[in-house]
file work16.cif (mmCIF, C-alpha atoms)
data_target
#
loop_
_atom_site.label_atom_id
_atom_site.label_comp_id
_atom_site.auth_asym_id
_atom_site.auth_seq_id
_atom_site.Cartn_x
_atom_site.Cartn_y
_atom_site.Cartn_z
CA MET A 3 98.07 96.98 87.85
CA THR A 4 101.34 97.06 85.89
CA PRO A 5 100.68 96.43 82.18
CA PRO A 6 102.12 93.27 80.64
CA GLN A 7 105.69 93.59 79.40
CA PRO A 8 107.21 92.11 76.22
CA LEU A 9 107.93 88.43 76.73
CA TRP A 10 111.65 88.70 75.94
CA ARG A 11 112.47 91.94 77.76
CA GLY A 12 115.02 91.01 80.40
CA ARG A 13 113.78 87.41 80.37
CA VAL A 14 115.50 85.71 77.43
CA LEU A 15 117.36 83.32 79.71
CA ALA A 16 114.20 82.47 81.64
CA VAL A 17 112.33 81.71 78.40
CA LEU A 18 115.13 79.44 77.16
CA GLY A 19 115.50 77.76 80.55
CA ILE A 20 111.79 76.98 80.82
CA LEU A 21 111.53 75.77 77.21
CA LEU A 22 114.53 73.43 77.46
CA CYS A 23 113.33 72.12 80.81
CA ALA A 24 109.85 71.45 79.44
CA PHE A 25 111.23 69.67 76.39
CA SER A 26 113.49 67.50 78.54
CA LEU A 27 110.68 66.33 80.84
CA ARG A 28 108.85 64.50 78.07
CA SER A 29 111.72 63.50 75.76
CA ALA A 30 113.43 61.76 78.67
CA VAL A 31 110.33 59.62 79.20
CA ALA A 32 109.37 58.96 75.57
CA SER A 33 112.78 57.95 74.22
CA LEU A 34 113.06 54.47 75.79
CA SER A 35 110.14 52.31 74.67
CA PRO A 36 110.77 52.58 70.89
CA VAL A 37 114.23 50.97 71.22
CA VAL A 38 113.53 48.29 73.86
CA ASP A 39 113.74 45.51 71.27
CA LEU A 40 117.13 46.78 70.13
CA ILE A 41 118.37 46.90 73.73
CA GLY A 42 117.25 43.28 74.11
CA GLU A 43 119.72 42.28 71.39
CA ASP A 44 122.60 43.34 73.69
CA PHE A 45 121.29 42.14 77.04
CA GLU A 46 118.11 40.67 78.46
CA VAL A 47 115.41 43.09 79.56
CA SER A 48 112.84 40.99 81.39
CA SER A 49 109.13 41.67 81.54
CA ALA A 50 109.53 42.33 85.25
CA VAL A 51 112.08 45.08 84.58
CA LEU A 52 109.84 46.59 81.90
CA GLY A 53 106.95 46.49 84.35
CA VAL A 54 108.99 48.33 86.97
CA ILE A 55 110.09 50.90 84.39
CA GLY A 56 106.46 51.36 83.40
CA THR A 57 105.41 52.15 86.96
CA LEU A 58 108.44 54.33 87.77
CA PRO A 59 107.21 57.59 86.19
CA PRO A 60 104.04 58.19 88.23
CA ALA A 61 105.62 56.65 91.35
CA CYS A 62 108.69 58.91 91.17
CA PHE A 63 106.53 61.88 90.29
CA ALA A 64 104.38 61.30 93.36
CA VAL A 65 107.36 60.88 95.70
CA PHE A 66 109.30 63.86 94.42
CA GLY A 67 106.14 65.90 94.33
CA ILE A 68 106.15 65.63 98.11
CA LEU A 69 109.91 66.19 98.52
CA THR A 70 110.29 69.08 96.07
CA PRO A 71 108.78 71.85 98.27
CA MET A 72 111.14 70.96 101.12
CA LEU A 73 114.13 70.94 98.78
CA GLU A 74 112.98 74.17 97.16
CA ARG A 75 112.70 75.84 100.56
CA MET A 76 116.31 74.97 101.31
CA LEU A 77 117.85 75.59 97.89
CA GLY A 78 115.65 78.02 95.98
CA ILE A 79 113.68 77.37 92.83
CA GLU A 80 116.49 78.11 90.36
CA ARG A 81 119.06 75.95 92.12
CA LEU A 82 116.63 73.06 92.36
CA THR A 83 115.82 73.41 88.66
CA VAL A 84 119.53 73.05 87.91
CA ILE A 85 119.68 69.93 90.09
CA ALA A 86 116.64 68.44 88.35
CA LEU A 87 118.05 69.03 84.87
CA THR A 88 121.46 67.71 85.94
CA ALA A 89 119.81 64.52 87.21
CA ILE A 90 117.99 64.10 83.89
CA THR A 91 121.24 64.67 81.99
CA GLY A 92 123.20 62.20 84.11
CA GLY A 93 120.45 59.59 84.02
CA LEU A 94 120.13 59.76 80.23
CA VAL A 95 123.87 59.36 79.76
CA ALA A 96 124.02 56.53 82.30
CA ARG A 97 121.12 54.76 80.62
CA GLY A 98 122.90 55.01 77.29
CA PHE A 99 125.95 53.28 78.78
CA ALA A 100 123.97 50.59 80.64
CA THR A 101 125.37 47.09 80.29
CA ASP A 102 122.53 45.20 81.96
CA SER A 103 118.94 45.64 83.04
CA VAL A 104 119.98 46.84 86.51
CA GLY A 105 121.94 49.72 85.00
CA LEU A 106 119.05 50.50 82.70
CA LEU A 107 116.67 50.58 85.64
CA ALA A 108 119.01 52.71 87.78
CA GLY A 109 119.52 55.27 85.04
CA THR A 110 115.79 55.45 84.43
CA ALA A 111 115.12 55.99 88.14
CA VAL A 112 117.55 58.95 88.21
CA ILE A 113 115.88 60.42 85.13
CA PHE A 114 112.42 60.18 86.62
CA ALA A 115 113.61 61.70 89.90
CA GLY A 116 114.74 64.76 87.94
CA VAL A 117 111.57 64.77 85.87
CA GLY A 118 109.49 64.52 89.05
CA MET A 119 111.13 67.67 90.41
CA GLY A 120 110.85 69.46 87.07
CA ASN A 121 107.15 68.70 86.83
CA ILE A 122 106.57 70.48 90.13
CA LEU A 123 108.88 73.42 89.42
CA LEU A 124 107.70 74.51 85.98
CA PRO A 125 104.35 76.10 86.93
CA PRO A 126 105.95 78.12 89.78
CA LEU A 127 108.78 79.19 87.45
CA VAL A 128 106.20 80.56 85.03
CA LYS A 129 104.44 82.22 87.96
CA LYS A 130 107.66 83.84 89.13
CA PHE A 131 109.17 85.07 85.87
CA PHE A 132 106.06 85.61 83.75
CA ALA A 133 103.27 86.64 86.09
CA ASP A 134 102.22 89.22 83.49
CA ARG A 135 102.26 86.62 80.68
CA ILE A 136 101.01 83.42 82.31
CA GLY A 137 98.68 82.43 79.47
CA LEU A 138 101.27 82.98 76.75
CA MET A 139 104.12 81.32 78.61
CA MET A 140 102.02 78.34 79.66
CA THR A 141 101.11 77.92 75.99
CA VAL A 142 104.78 78.02 75.02
CA TYR A 143 105.92 75.48 77.58
CA THR A 144 103.02 73.04 77.29
CA THR A 145 103.53 73.10 73.51
CA ALA A 146 107.19 72.23 74.05
CA MET A 147 106.08 69.31 76.22
CA ALA A 148 103.55 68.14 73.65
CA PHE A 149 106.12 68.42 70.85
CA SER A 150 108.66 66.39 72.81
CA THR A 151 106.06 63.65 73.41
CA PHE A 152 105.78 62.49 69.81
CA VAL A 153 109.19 63.50 68.39
CA PRO A 154 111.34 60.90 70.24
CA PRO A 155 109.25 57.91 69.08
CA LEU A 156 109.49 59.17 65.51
CA VAL A 157 113.28 59.52 65.42
CA ALA A 158 114.49 57.03 68.04
CA VAL A 159 114.54 53.94 65.81
CA PRO A 160 116.05 55.60 62.70
CA VAL A 161 118.81 57.12 64.84
CA ALA A 162 119.37 53.79 66.58
CA ASP A 163 119.63 52.03 63.22
CA ALA A 164 122.24 54.55 62.11
CA PHE A 165 124.27 55.08 65.28
CA GLY A 166 123.10 52.45 67.80
CA TRP A 167 120.50 52.43 70.55
CA ARG A 168 122.92 53.88 73.10
CA PHE A 169 123.36 57.09 71.14
CA SER A 170 119.63 57.17 70.37
CA MET A 171 118.80 57.28 74.08
CA ALA A 172 121.71 59.38 75.32
CA MET A 173 121.41 62.14 72.72
CA TRP A 174 118.42 63.65 74.53
CA ALA A 175 120.79 64.54 77.38
CA ALA A 176 122.03 67.42 75.21
CA PHE A 177 118.72 69.26 75.68
CA ALA A 178 118.68 68.77 79.44
CA PHE A 179 122.32 69.89 79.70
CA ALA A 180 121.57 72.96 77.57
CA GLY A 181 118.68 73.72 79.92
CA VAL A 182 121.09 73.97 82.86
CA ILE A 183 123.06 76.82 81.30
CA PRO A 184 120.46 79.65 81.43
CA TRP A 185 119.70 78.99 85.09
CA LEU A 186 123.38 78.91 86.02
CA VAL A 187 123.96 82.20 84.21
CA MET A 188 121.07 83.85 86.02
CA MET A 189 122.33 82.61 89.37
CA VAL A 190 125.91 83.80 88.98
CA ARG A 191 125.28 87.04 87.08
CA PRO A 192 124.90 89.98 89.50
CA GLY A 193 121.62 91.78 89.16
CA ALA A 194 120.12 89.27 86.78
CA PRO A 195 116.59 90.47 86.00
CA VAL A 196 113.85 88.37 87.54
CA VAL A 197 110.13 88.97 87.14
CA SER A 198 107.96 87.83 90.00
CA ALA A 199 104.32 88.02 91.03
CA ALA A 200 104.07 89.94 94.25
CA ARG A 201 100.40 89.14 94.60
CA VAL A 202 97.64 88.14 92.23
CA ARG A 203 95.36 91.07 91.63
CA GLY A 204 91.86 90.89 90.22
CA SER A 205 90.42 87.64 88.91
CA ALA A 206 92.18 84.35 89.47
CA ASP A 207 91.85 83.85 85.69
CA GLU A 208 93.65 87.02 84.65
CA ASP A 209 97.28 87.77 83.85
CA THR A 210 98.79 89.44 86.88
CA SER A 211 101.28 92.19 87.61
CA PHE A 212 104.89 91.60 88.42
CA ALA A 213 107.68 93.08 90.48
CA ALA A 214 111.43 92.73 90.34
CA THR A 215 113.16 90.58 92.94
CA GLY A 216 116.63 89.15 93.45
CA PRO A 217 118.14 86.36 91.37
CA ILE A 218 117.45 83.60 93.90
CA ALA A 219 114.09 83.05 95.56
CA THR A 220 113.83 80.66 98.47
CA ALA A 221 110.18 79.84 99.08
CA PRO A 222 109.08 79.96 102.72
CA THR A 223 107.18 76.71 102.40
CA ASN A 224 106.50 74.59 105.46
CA ARG A 225 104.39 71.72 106.73
CA ARG A 226 101.78 74.07 108.17
CA LEU A 227 100.94 75.60 104.79
CA PHE A 228 101.13 72.22 103.04
CA GLY A 229 98.70 70.82 105.58
CA ARG A 230 96.30 73.67 104.93
CA LEU A 231 96.02 72.69 101.29
CA ALA A 232 94.58 69.32 102.28
CA ARG A 233 91.67 71.15 103.92
CA ILE A 234 90.70 73.15 100.83
CA PRO A 235 88.17 71.49 98.46
CA LEU A 236 89.51 73.48 95.51
CA VAL A 237 92.91 71.83 95.93
CA TRP A 238 91.41 68.34 95.81
CA ALA A 239 89.39 69.34 92.75
CA LEU A 240 92.59 70.41 91.01
CA ALA A 241 94.32 67.19 92.08
CA LEU A 242 91.52 65.03 90.68
CA THR A 243 91.50 66.98 87.43
CA PHE A 244 95.25 66.54 87.03
CA GLY A 245 95.06 62.91 88.15
CA THR A 246 92.41 62.14 85.56
CA SER A 247 94.55 63.63 82.80
CA SER A 248 97.58 61.61 83.94
CA THR A 249 95.53 58.43 84.34
CA MET A 250 94.22 58.66 80.78
CA ALA A 251 97.76 59.21 79.48
CA TYR A 252 99.45 56.31 81.28
CA VAL A 253 96.58 53.89 80.65
CA SER A 254 96.59 54.82 76.97
CA PHE A 255 100.32 54.43 76.44
CA ALA A 256 100.31 51.14 78.35
CA TRP A 257 97.19 49.47 76.96
CA LEU A 258 95.53 51.22 74.00
CA PRO A 259 97.47 49.36 71.27
CA SER A 260 96.56 46.00 72.85
CA ILE A 261 92.94 47.08 73.26
CA LEU A 262 92.67 48.13 69.62
CA ILE A 263 94.35 44.96 68.35
CA ASP A 264 92.08 42.71 70.42
CA THR A 265 88.77 44.55 69.97
CA ALA A 266 89.06 45.86 66.42
CA GLY A 267 91.43 43.32 64.88
CA VAL A 268 93.87 45.90 63.55
CA ASP A 269 97.57 45.11 63.17
CA ALA A 270 100.29 46.47 65.42
CA ALA A 271 101.37 49.17 62.96
CA THR A 272 97.84 50.52 62.69
CA ALA A 273 97.43 50.43 66.46
CA GLY A 274 100.66 52.40 66.83
CA PHE A 275 99.49 54.99 64.32
CA LEU A 276 96.17 55.38 66.14
CA LEU A 277 98.01 55.86 69.43
CA SER A 278 100.11 58.56 67.76
CA LEU A 279 96.89 60.19 66.55
CA TRP A 280 95.60 60.14 70.12
CA ALA A 281 98.81 61.75 71.42
CA PHE A 282 98.93 64.34 68.64
CA ILE A 283 95.66 65.90 69.85
CA GLY A 284 97.66 67.20 72.81
CA LEU A 285 99.66 69.57 70.56
CA PRO A 286 96.83 71.89 69.46
CA ALA A 287 95.35 71.58 72.95
CA SER A 288 98.57 72.91 74.47
CA LEU A 289 98.46 75.85 72.06
CA ILE A 290 94.94 77.03 72.77
CA VAL A 291 93.99 75.94 76.29
CA PRO A 292 96.22 78.28 78.37
CA VAL A 293 95.11 81.34 76.40
CA LEU A 294 91.44 80.36 76.56
CA VAL A 295 91.69 79.88 80.33
CA VAL A 296 93.72 82.98 81.18
CA ARG A 297 92.14 85.41 78.72
CA PHE A 298 88.59 84.10 78.40
CA GLN A 299 87.99 82.21 81.67
CA ALA A 300 87.00 79.09 79.72
CA THR A 301 87.96 76.52 82.35
CA ARG A 302 84.59 74.85 82.75
CA PRO A 303 83.66 74.72 79.04
CA LEU A 304 87.05 73.21 78.20
CA PHE A 305 86.77 70.62 80.95
CA VAL A 306 83.23 69.64 79.96
CA PHE A 307 84.11 69.42 76.27
CA GLY A 308 87.28 67.39 76.89
CA SER A 309 85.66 64.98 79.32
CA LEU A 310 82.48 64.34 77.32
CA SER A 311 84.43 63.93 74.07
CA ALA A 312 86.79 61.43 75.72
CA LEU A 313 83.88 59.52 77.20
CA THR A 314 82.22 59.36 73.78
CA GLY A 315 85.44 58.02 72.28
CA LEU A 316 85.70 55.31 74.92
CA LEU A 317 82.10 54.28 74.35
CA GLY A 318 82.79 54.10 70.63
CA ILE A 319 85.79 51.83 71.17
CA MET A 320 83.66 49.55 73.37
CA LEU A 321 80.44 49.46 71.36
CA ALA A 322 81.46 50.04 67.74
CA PRO A 323 85.13 49.06 67.31
CA ALA A 324 84.96 48.87 63.53
CA PRO A 325 88.38 49.60 61.98
CA GLU A 326 86.97 52.33 59.74
CA LEU A 327 85.60 54.19 62.79
CA LEU A 328 88.64 53.92 65.04
CA TRP A 329 90.16 57.19 63.80
CA LEU A 330 86.99 58.98 64.97
CA TRP A 331 86.89 57.29 68.37
CA MET A 332 90.59 57.89 68.95
CA SER A 333 90.30 61.54 67.95
CA LEU A 334 87.40 62.02 70.37
CA PHE A 335 89.21 60.17 73.15
CA GLY A 336 92.27 62.29 72.40
CA MET A 337 90.30 65.37 73.46
CA VAL A 338 91.12 64.33 77.01
CA GLY A 339 94.45 65.97 76.16
CA LEU A 340 92.73 69.27 76.94
CA LEU A 341 92.86 68.40 80.64
CA PHE A 342 96.67 68.34 80.93
CA PRO A 343 97.46 71.95 79.93
CA LEU A 344 94.24 72.96 81.70
CA ALA A 345 95.45 71.49 84.99
CA LEU A 346 98.91 73.03 84.64
CA VAL A 347 97.67 76.54 83.98
CA LEU A 348 95.21 76.26 86.87
CA ILE A 349 98.11 75.51 89.23
CA SER A 350 99.60 78.87 88.27
CA ILE A 351 96.47 81.00 88.40
CA ARG A 352 94.84 79.39 91.45
CA SER A 353 97.68 80.64 93.68
CA ARG A 354 98.78 84.17 94.52
CA THR A 355 102.56 83.82 94.63
CA PRO A 356 105.34 81.59 93.25
CA GLU A 357 105.84 80.24 96.77
CA SER A 358 102.26 79.04 97.12
CA ALA A 359 102.38 77.82 93.52
CA VAL A 360 105.25 75.49 94.52
CA LEU A 361 103.12 74.07 97.32
CA LEU A 362 100.03 73.76 95.15
CA SER A 363 101.98 72.20 92.28
CA SER A 364 103.50 69.69 94.68
CA PHE A 365 100.22 68.72 96.32
CA VAL A 366 98.20 68.52 93.10
CA GLN A 367 100.76 66.55 91.10
CA SER A 368 101.68 64.17 93.93
CA ALA A 369 98.05 63.27 94.58
CA GLY A 370 97.32 63.08 90.87
CA TYR A 371 100.22 60.76 90.11
CA VAL A 372 99.14 58.37 92.86
CA LEU A 373 95.93 57.88 90.89
CA ALA A 374 97.93 57.57 87.66
CA ALA A 375 100.19 54.93 89.20
CA ILE A 376 97.25 52.77 90.26
CA PHE A 377 95.15 52.60 87.12
CA PRO A 378 97.52 51.11 84.52
CA ALA A 379 98.05 48.13 86.85
CA LEU A 380 94.34 47.98 87.66
CA VAL A 381 93.44 47.83 83.97
CA GLY A 382 95.78 44.87 83.54
CA ILE A 383 94.35 43.09 86.58
CA LEU A 384 90.77 43.60 85.35
CA HIS A 385 91.70 42.34 81.90
CA ASP A 386 93.29 39.18 83.32
CA ALA A 387 90.32 38.60 85.61
CA THR A 388 87.62 39.07 82.96
CA GLY A 389 89.43 37.94 79.83
CA GLY A 390 88.25 41.01 77.92
CA TRP A 391 88.47 44.77 77.71
CA THR A 392 84.89 45.83 78.46
CA ILE A 393 85.24 46.02 82.24
CA PRO A 394 88.65 47.77 82.08
CA LEU A 395 87.24 50.37 79.67
CA ILE A 396 84.22 50.90 81.91
CA ALA A 397 86.60 51.50 84.83
CA VAL A 398 88.53 54.09 82.79
CA GLY A 399 85.30 55.78 81.75
CA ALA A 400 84.16 55.83 85.38
CA VAL A 401 87.18 57.98 86.23
CA LEU A 402 85.98 60.60 83.75
CA VAL A 403 82.44 60.49 85.14
CA LEU A 404 83.46 60.64 88.80
CA THR A 405 85.89 63.50 88.18
CA PHE A 406 83.22 65.64 86.51
CA PRO A 407 82.14 67.51 89.70
CA ALA A 408 85.80 68.16 90.54
CA GLY A 409 86.34 69.81 87.16
CA LEU A 410 83.43 72.14 87.79
CA VAL A 411 84.82 73.08 91.22
CA ALA A 412 88.27 73.68 89.70
CA GLY A 413 86.61 76.18 87.38
CA ARG A 414 85.81 78.55 90.26
CA ARG A 415 87.73 81.79 89.75
CA VAL A 416 89.39 82.00 93.16
CA THR A 417 92.82 81.24 94.58
CA VAL A 418 93.58 78.67 97.25
CA GLU A 419 94.50 81.55 99.57
CA ASP A 420 91.06 83.10 98.96
CA GLU A 421 89.41 79.79 99.79
CA TRP A 422 91.38 79.39 103.01
CA GLU A 423 90.72 82.97 104.16
CA ARG A 424 87.01 82.64 103.44
CA ARG A 425 86.80 79.54 105.59
CA HIS A 426 89.48 80.00 108.26
CA GLY A 427 90.82 83.55 108.25
CA ARG A 428 94.28 84.88 107.40
CA TRP A 429 96.49 82.67 105.18
#

call {"tool": "encode", "arguments": {"input": "work16.cif", "output": "structure tokens"}}
result
Amino acid sequence: MTPPQPLWRGRVLAVLGILLCAFSLRSAVASLSPVVDLIGEDFEVSSAVLGVIGTLPPACFAVFGILTPMLERMLGIERLTVIALTAITGGLVARGFATDSVGLLAGTAVIFAGVGMGNILLPPLVKKFFADRIGLMMTVYTTAMAFSTFVPPLVAVPVADAFGWRFSMAMWAAFAFAGVIPWLVMMVRPGAPVVSAARVRGSADEDTSFAATGPIATAPTNRRLFGRLARIPLVWALALTFGTSSTMAYVSFAWLPSILIDTAGVDAATAGFLLSLWAFIGLPASLIVPVLVVRFQATRPLFVFGSLSALTGLLGIMLAPAPELLWLWMSLFGMVGLLFPLALVLISIRSRTPESAVLLSSFVQSAGYVLAAIFPALVGILHDATGGWTIPLIAVGAVLVLTFPAGLVAGRRVTVEDEWERRHGRW
């Protein structure tokens, strides 16, 4: 097996392209809600529009999770990455120039279409260019995503106060536009170095060897291979693990402040701080999880620790919502942030090639985001029906409990190709 190569050797553009893409996926999503009140001073943004915007991310992610493999097969992974980042750039600029709620909604839809494609493409890009450094590169890019989750809310309002809400929202387009440049250079430069995994060797939890290929890779994905994934239990285990992580995130951002205000009697500022504390746990998780999985095969211990800690935090919020204990419960619940980088790195190491990683990423994220799209609305329905938060919190906790067997299955050190060949023969 070829020994790992220095991260930057021949891959500077790929590192920059992946980092800027990862940063843009989260900053594009997190930069709107802090300035909604300021937008409302210029034109009306109804609750219905805000509700649609709230459901757009997982819905778009699910739809484009299905479409991305077909587009990638026709265009190649680098070209489609350029298209995704261009859509994010254009959507952010358009949203900044919106003059009514329809324009705001249209710009947001374009952004989330690009983000939906980018979500699917990032794990295969890591697989292709950094097959010898999967753990390190997954750490780098998930950290960029975690960083871009809490930075926009911190700076959006001060920038809007100084330069207006339009600039505050549109300025994030600069990062997405910058992310286009490395991929364009690699596509047009003859002989641009590309590092690709020819085939995973050894354990499915080990860094793998790489081989040079051409600058554009068009994945031979098709409906037959996509259909095979639906028949592999490991794939559904990965989808449920990812879906649980996404469900916890979207439920938390939608409802946790209201839950804390109603159950613990804290004010809105304190509830916002506690939500930031919950989100911040994802930063150290993104730093350590990929390395622990790839180097030390710690998938199952990480999943068990994250799930049980999150369940304990939820129980604390339900049973002992004293203000002085909320920081503890939110910190424990925040440990569910371990599941997001865990799911992403598993997409890369549970497939042999970048081509199958595209398929697996598409299937896992599409199925997972369907679950994530359902639960924020379900929590609201249960709250309206019961007049309290106990039943909604029990429903959220039930997701963690029911997903527990799937997390253990996802910890099996095999690839989806191995699973198929063991059951059905040649992949």

call {"tool": "residues_around", "arguments": {"input": "work16.cif", "residues": "A:Leu317", "least_positions_apart": "5", "cutoff": "12 Å", "atoms": "all atoms listed in the file", "output": "ChimeraX atom specification"}}
result
/A:310-312,322-323,328,330-332,334-335,391-393,395-400,402

call {"tool": "closest_residue", "arguments": {"input": "work16.cif", "among": "A:Ala175, A:Leu327, A:Thr301, A:Phe169", "to": "A:Val157", "atoms": "all atoms listed in the file"}}
result
A:Phe169

call {"tool": "residues_around", "arguments": {"input": "work16.cif", "residues": "A:Trp174", "least_positions_apart": "6", "cutoff": "12 Å", "atoms": "only C-alpha atoms", "output": "PyMOL selection string"}}
result
chain A and resi 22-23+25-34+87+90-98+113+150+153-154+157-158+161+168+180-181

call {"tool": "write_last_selection", "arguments": {"input": "work16.cif", "atoms": "C-alpha atoms", "output": "mmCIF file, in the coordinates of the input"}}
result
data_model
loop_
_atom_site.group_PDB
_atom_site.id
_atom_site.type_symbol
_atom_site.label_atom_id
_atom_site.label_comp_id
_atom_site.auth_asym_id
_atom_site.auth_seq_id
_atom_site.Cartn_x
_atom_site.Cartn_y
_atom_site.Cartn_z
ATOM 1 C CA LEU A 22 114.530 73.430 77.460
ATOM 2 C CA CYS A 23 113.330 72.120 80.810
ATOM 3 C CA PHE A 25 111.230 69.670 76.390
ATOM 4 C CA SER A 26 113.490 67.500 78.540
ATOM 5 C CA LEU A 27 110.680 66.330 80.840
ATOM 6 C CA ARG A 28 108.850 64.500 78.070
ATOM 7 C CA SER A 29 111.720 63.500 75.760
ATOM 8 C CA ALA A 30 113.430 61.760 78.670
ATOM 9 C CA VAL A 31 110.330 59.620 79.200
ATOM 10 C CA ALA A 32 109.370 58.960 75.570
ATOM 11 C CA SER A 33 112.780 57.950 74.220
ATOM 12 C CA LEU A 34 113.060 54.470 75.790
ATOM 13 C CA LEU A 87 118.050 69.030 84.870
ATOM 14 C CA ILE A 90 117.990 64.100 83.890
ATOM 15 C CA THR A 91 121.240 64.670 81.990
ATOM 16 C CA GLY A 92 123.200 62.200 84.110
ATOM 17 C CA GLY A 93 120.450 59.590 84.020
ATOM 18 C CA LEU A 94 120.130 59.760 80.230
ATOM 19 C CA VAL A 95 123.870 59.360 79.760
ATOM 20 C CA ALA A 96 124.020 56.530 82.300
ATOM 21 C CA ARG A 97 121.120 54.760 80.620
ATOM 22 C CA GLY A 98 122.900 55.010 77.290
ATOM 23 C CA ILE A 113 115.880 60.420 85.130
ATOM 24 C CA SER A 150 108.660 66.390 72.810
ATOM 25 C CA VAL A 153 109.190 63.500 68.390
ATOM 26 C CA PRO A 154 111.340 60.900 70.240
ATOM 27 C CA VAL A 157 113.280 59.520 65.420
ATOM 28 C CA ALA A 158 114.490 57.030 68.040
ATOM 29 C CA VAL A 161 118.810 57.120 64.840
ATOM 30 C CA ARG A 168 122.920 53.880 73.100
ATOM 31 C CA ALA A 180 121.570 72.960 77.570
ATOM 32 C CA GLY A 181 118.680 73.720 79.920
#

call {"tool": "residues_near_point", "arguments": {"input": "work16.cif", "point": "(118.4, 51.9, 73.1)", "cutoff": "10 Å", "atoms": "all atoms listed in the file", "output": "PyMOL selection string"}}
result
chain A and resi 33-44+97-100+106+158-159+161-163+166-172

call {"tool": "closest_atom_pairs", "arguments": {"input": "work16.cif", "of": "stretch 217-288 of chain A", "to": "stretch 373-389 of chain A", "cutoff": "6 Å", "atoms": "all atoms listed in the file", "output": "tab-separated table"}}
result
residue	atom	partner	partner_atom	distance
A:Gly245	CA	A:Leu373	CA	5.8
A:Ser248	CA	A:Ala374	CA	5.5
A:Thr249	CA	A:Ala374	CA	4.2
A:Val253	CA	A:Pro378	CA	4.9

call {"tool": "write_last_selection", "arguments": {"input": "work16.cif", "atoms": "C-alpha atoms", "output": "JSON list (two decimals), in the coordinates of the input"}}
result
[["chain", "number", "residue", "atom", "x", "y", "z"],
["A", 245, "GLY", "CA", 95.06, 62.91, 88.15],
["A", 248, "SER", "CA", 97.58, 61.61, 83.94],
["A", 249, "THR", "CA", 95.53, 58.43, 84.34],
["A", 253, "VAL", "CA", 96.58, 53.89, 80.65]]

call {"tool": "closest_residue", "arguments": {"input": "work16.cif", "among": "A:Phe149, A:Val360, A:Gly137, A:Phe131", "to": "A:Gln299", "atoms": "all atoms listed in the file"}}
result
A:Gly137

call {"tool": "axis_aligned_box", "arguments": {"input": "work16.cif", "around": "stretch 289-308 of chain A", "padding_each_side": "6 Å", "output": "lines of an AutoDock Vina configuration file"}}
result
center_x = 90.8
center_y = 76.4
center_z = 77.4
size_x = 27.2
size_y = 30.0
size_z = 22.7

call {"tool": "decode", "arguments": {"input": "work16.cif", "residues": "stretch 139-151 of chain A", "atoms": "N, CA and C atoms", "output": "short mmCIF file (atom, residue, chain, number, x, y, z; two decimals), in the first residue's frame"}}
result
data_model
loop_
_atom_site.label_atom_id
_atom_site.label_comp_id
_atom_site.auth_asym_id
_atom_site.auth_seq_id
_atom_site.Cartn_x
_atom_site.Cartn_y
_atom_site.Cartn_z
N MET A 139 -8.27 15.04 6.40
CA MET A 139 -9.01 15.97 5.57
C MET A 139 -10.47 16.08 6.01
N MET A 140 -11.06 14.98 6.48
CA MET A 140 -12.41 15.07 7.02
C MET A 140 -12.44 15.96 8.26
N THR A 141 -11.37 15.89 9.07
CA THR A 141 -11.28 16.78 10.23
C THR A 141 -11.23 18.23 9.79
N VAL A 142 -10.43 18.51 8.77
CA VAL A 142 -10.28 19.88 8.28
C VAL A 142 -11.60 20.41 7.77
N TYR A 143 -12.30 19.61 6.95
CA TYR A 143 -13.50 20.18 6.33
C TYR A 143 -14.70 20.20 7.28
N THR A 144 -14.83 19.22 8.17
CA THR A 144 -15.93 19.30 9.13
C THR A 144 -15.70 20.42 10.14
N THR A 145 -14.43 20.72 10.44
CA THR A 145 -14.13 21.87 11.30
C THR A 145 -14.52 23.17 10.63
N ALA A 146 -14.25 23.27 9.33
CA ALA A 146 -14.66 24.45 8.58
C ALA A 146 -16.18 24.61 8.61
N MET A 147 -16.91 23.50 8.49
CA MET A 147 -18.36 23.56 8.56
C MET A 147 -18.84 23.97 9.94
N ALA A 148 -18.21 23.41 10.98
CA ALA A 148 -18.60 23.78 12.34
C ALA A 148 -18.31 25.25 12.61
N PHE A 149 -17.15 25.73 12.16
CA PHE A 149 -16.78 27.12 12.36
C PHE A 149 -17.77 28.05 11.68
N SER A 150 -18.19 27.68 10.46
CA SER A 150 -19.10 28.55 9.71
C SER A 150 -20.54 28.43 10.19
N THR A 151 -20.80 27.57 11.18
CA THR A 151 -22.14 27.47 11.76
C THR A 151 -22.39 28.58 12.77
#
